[in-house]
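Undergrad: Here you go, one structure.
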Amino acid sequence: MTPSQMASLTNQSVRTPMHALITGGAGFIGSHLAEALLARDHRVTIVDDLSTGLFENIQHLTDHPRFRFAIDTITNDMVMDRLTSECDVVFHLAAAVGVELIIDSPVHTIETNILGTHAVLRAAHRYKKKVLIASTSEIYGKNNHVPFSEDDDRLLGPTTKARWSYSTSKAVDEFLGLAYRKEKKLPVVIFRLFNTVGPRQRGRYGMVVPRFVQQALAGEPLTVYGDGRQSRCFCDVDDVVRAILGLAAAPQAIGQVFNIGSTEEISILDLAKEVLRLTTSGRRQTAEDDRITFIPYDEAYEAGFEDMRRRVPDTTKIQALLAWEPEIRLEETIRRIIDFYTAEREGA
Ligand code: UDP
């Protein structure tokens, strides 16, 4: 890459209209990112094989003059070559996600994550395009020194437990991205997403908030795994998208890894109670205890499943660079998710 090419890539800002390629763009986060980019006057192409992404997530965008989509896999080199050559920046979000999917389909997880990222980076390198790689808080494994900061050690379980293949595959993606940066000077940014929630997230692959909301709306008991005292920090997808766009626009982010997440911690049992409170307001309430059922981890996942007790990001780094912090409270996000699923149930 010539110094002038480097300078133009480094100065690339999301404030001037650009053409973004989003892999996994029909997924929950990808579809919100596509909307946000279009709202900021950019062009958007998404590529998604609809394995976990859904056409419904992007259906409302298909008539937009600056939106295009390709239903294909990112390991299709010919397609990726063309799409990458036409864009200015790649947001690589395509990945096998969700704890249940990872346990049920370990081959798919490993192949999609590692081979997919490899294909994306090779194409980006061919055309010297900036790449933002979505990674995950799973990277930290079962390290219980919260909050997790980007340079913390990773503590993983044995290879005989499928859960750890996800963390490992995403770590290989990060290594690969950083290696392309170091050795080939490709502008790469890595962001680690912590629990992200919002409308369009599905409970099918295990994610707790949509599951609880759907269970509550159906009048079914909420399935709390383990003792419910494990905790998470849930960040609204709109806040997450704002952080990703900020990183895309910041030349100083290149070659770096950033946590993105909320630092407001809640136990899963309290989350269940909050979902019940917000779904039953104005209606006759059944005793909370009758509406929560505790399920042992072995039954919920697989024998010997190890859950993370706490998962809290240290967000000092992204705050220092972008002055970013989450703005949307969990209660508001849960209300939006309730509205989303209520509309879906009513066939709206
Ligand atoms: N969980 C639960 N009931 C469910 C689904 C998940 O209690 O129906 C728990 C799960 O065991 C974990 C937490 O909720 O402790 C968050 O799960 P999720 O899969 O959403 O995210 P992750 O485990 O990846 O942080």
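Ligands are numbered from 1 in the order shown, chains are lettered A, B, ... in the order of the structure tokens, and residues start at 1 in each chain.
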List as number ranges by chain the protein and nucleic acid residues near A:Gln256, meaning an atom at most 9 Å away when only C-alpha atoms are counted, but skip any in the same chain fewer than 4 places from it.
TA: A: 178, 188-191, 252
Undergrad: Counting only C-alpha atoms, what is within 12 Å of A:Glu344, bar same-chain residues fewer than 6 positions away, as a list in words?
TA: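 Surrounding residues, per the criterion: Glu56, Pro199, Arg200, Arg202, Gln214, Leu217, Ile337 and Ile338 of chain A.
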Undergrad: Would you save the residues of that selection, restricted to N, CA and C atoms, as a short mmCIF file (atom, residue, chain, number, x, y, z; two decimals), in the first residue's frame?
TA:
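Output file selection22.cif is given in full below:
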```cif
data_model
loop_
_atom_site.label_atom_id
_atom_site.label_comp_id
_atom_site.auth_asym_id
_atom_site.auth_seq_id
_atom_site.Cartn_x
_atom_site.Cartn_y
_atom_site.Cartn_z
N GLU A 56 -36.70 -10.79 7.15
CA GLU A 56 -37.62 -9.82 7.79
C GLU A 56 -36.86 -8.65 8.42
N PRO A 199 -34.86 -4.69 19.80
CA PRO A 199 -35.82 -5.31 18.90
C PRO A 199 -35.10 -6.12 17.82
N ARG A 200 -35.73 -7.17 17.35
CA ARG A 200 -35.25 -8.08 16.30
C ARG A 200 -34.30 -9.16 16.82
N ARG A 202 -33.55 -12.50 18.46
CA ARG A 202 -34.40 -13.68 18.64
C ARG A 202 -33.93 -14.53 19.80
N GLN A 214 -40.65 -13.12 25.27
CA GLN A 214 -41.59 -13.99 24.54
C GLN A 214 -42.33 -14.92 25.49
N LEU A 217 -44.95 -12.82 27.37
CA LEU A 217 -46.10 -12.45 26.53
C LEU A 217 -47.00 -13.65 26.25
N ILE A 337 -38.51 -3.95 23.27
CA ILE A 337 -38.54 -5.37 22.87
C ILE A 337 -39.97 -5.92 23.06
N ILE A 338 -40.61 -5.51 24.14
CA ILE A 338 -42.00 -5.94 24.38
C ILE A 338 -42.88 -5.43 23.24
#
```
Undergrad: Skipping near chain neighbours, those fewer than 5 positions away, what residues fall within 12 Å of A:Leu278 using only C-alpha atoms, listed as a PyMOL selection string?
TA: chain A and resi 212-213+216-217+271-273+283+285+330-339
Undergrad: What residues in stretch 54-95 of chain A get the DSSP label alpha helix (DSSP H)? Please answer as a list in words.
TA: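 For stretch 54-95 of chain A, the alpha helix (DSSP H) set is Asp77, Met78, Val79, Met80, Asp81, Arg82, Leu83, Thr84, Ser85 and Glu86 of chain A.
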Undergrad: Residues within 12 Å of A:Arg40, please, as an NGL selection string. Count only C-alpha atoms; anything in the same chain fewer than 3 positions from it doesn't count.
TA: :A and (13-20 or 33-37 or 43-44 or 66 or 242 or 245)
Undergrad: What does the file look like for those residues with C-alpha atoms, as a compact mmCIF listing (two decimals), in the first residue's frame?
TA:
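So the final result, stored in out_10.txt, reads:
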```txt
# COMPACT_ATOMS: atom_id res chain seq x y z
CA SER A 13 -14.48 9.14 8.15
CA VAL A 14 -18.06 7.99 8.41
CA ARG A 15 -19.07 11.66 8.20
CA THR A 16 -18.42 11.82 4.45
CA PRO A 17 -20.79 9.59 2.49
CA MET A 18 -19.26 6.20 1.89
CA HIS A 19 -20.25 2.74 0.76
CA ALA A 20 -20.31 0.22 3.62
CA LEU A 33 -26.16 -0.87 11.75
CA ALA A 34 -27.48 -0.81 8.16
CA GLU A 35 -30.36 1.46 9.20
CA ALA A 36 -28.04 3.82 11.05
CA LEU A 37 -25.65 4.09 8.09
CA ARG A 43 -24.64 3.53 0.85
CA VAL A 44 -25.04 0.06 2.33
CA ARG A 66 -28.89 3.38 -1.27
CA ARG A 242 -23.30 4.45 17.82
CA LEU A 245 -19.84 4.09 13.92
```
Undergrad: Counting only C-alpha atoms, what is within 10 Å of stretch 302-314 of chain A, bar same-chain residues fewer than 4 positions away, as a PyMOL selection string?
TA: chain A and resi 100+103-104+137-138+140-150+157+161-164+192-195+225-226+228-234+258-267+296-298+318-319
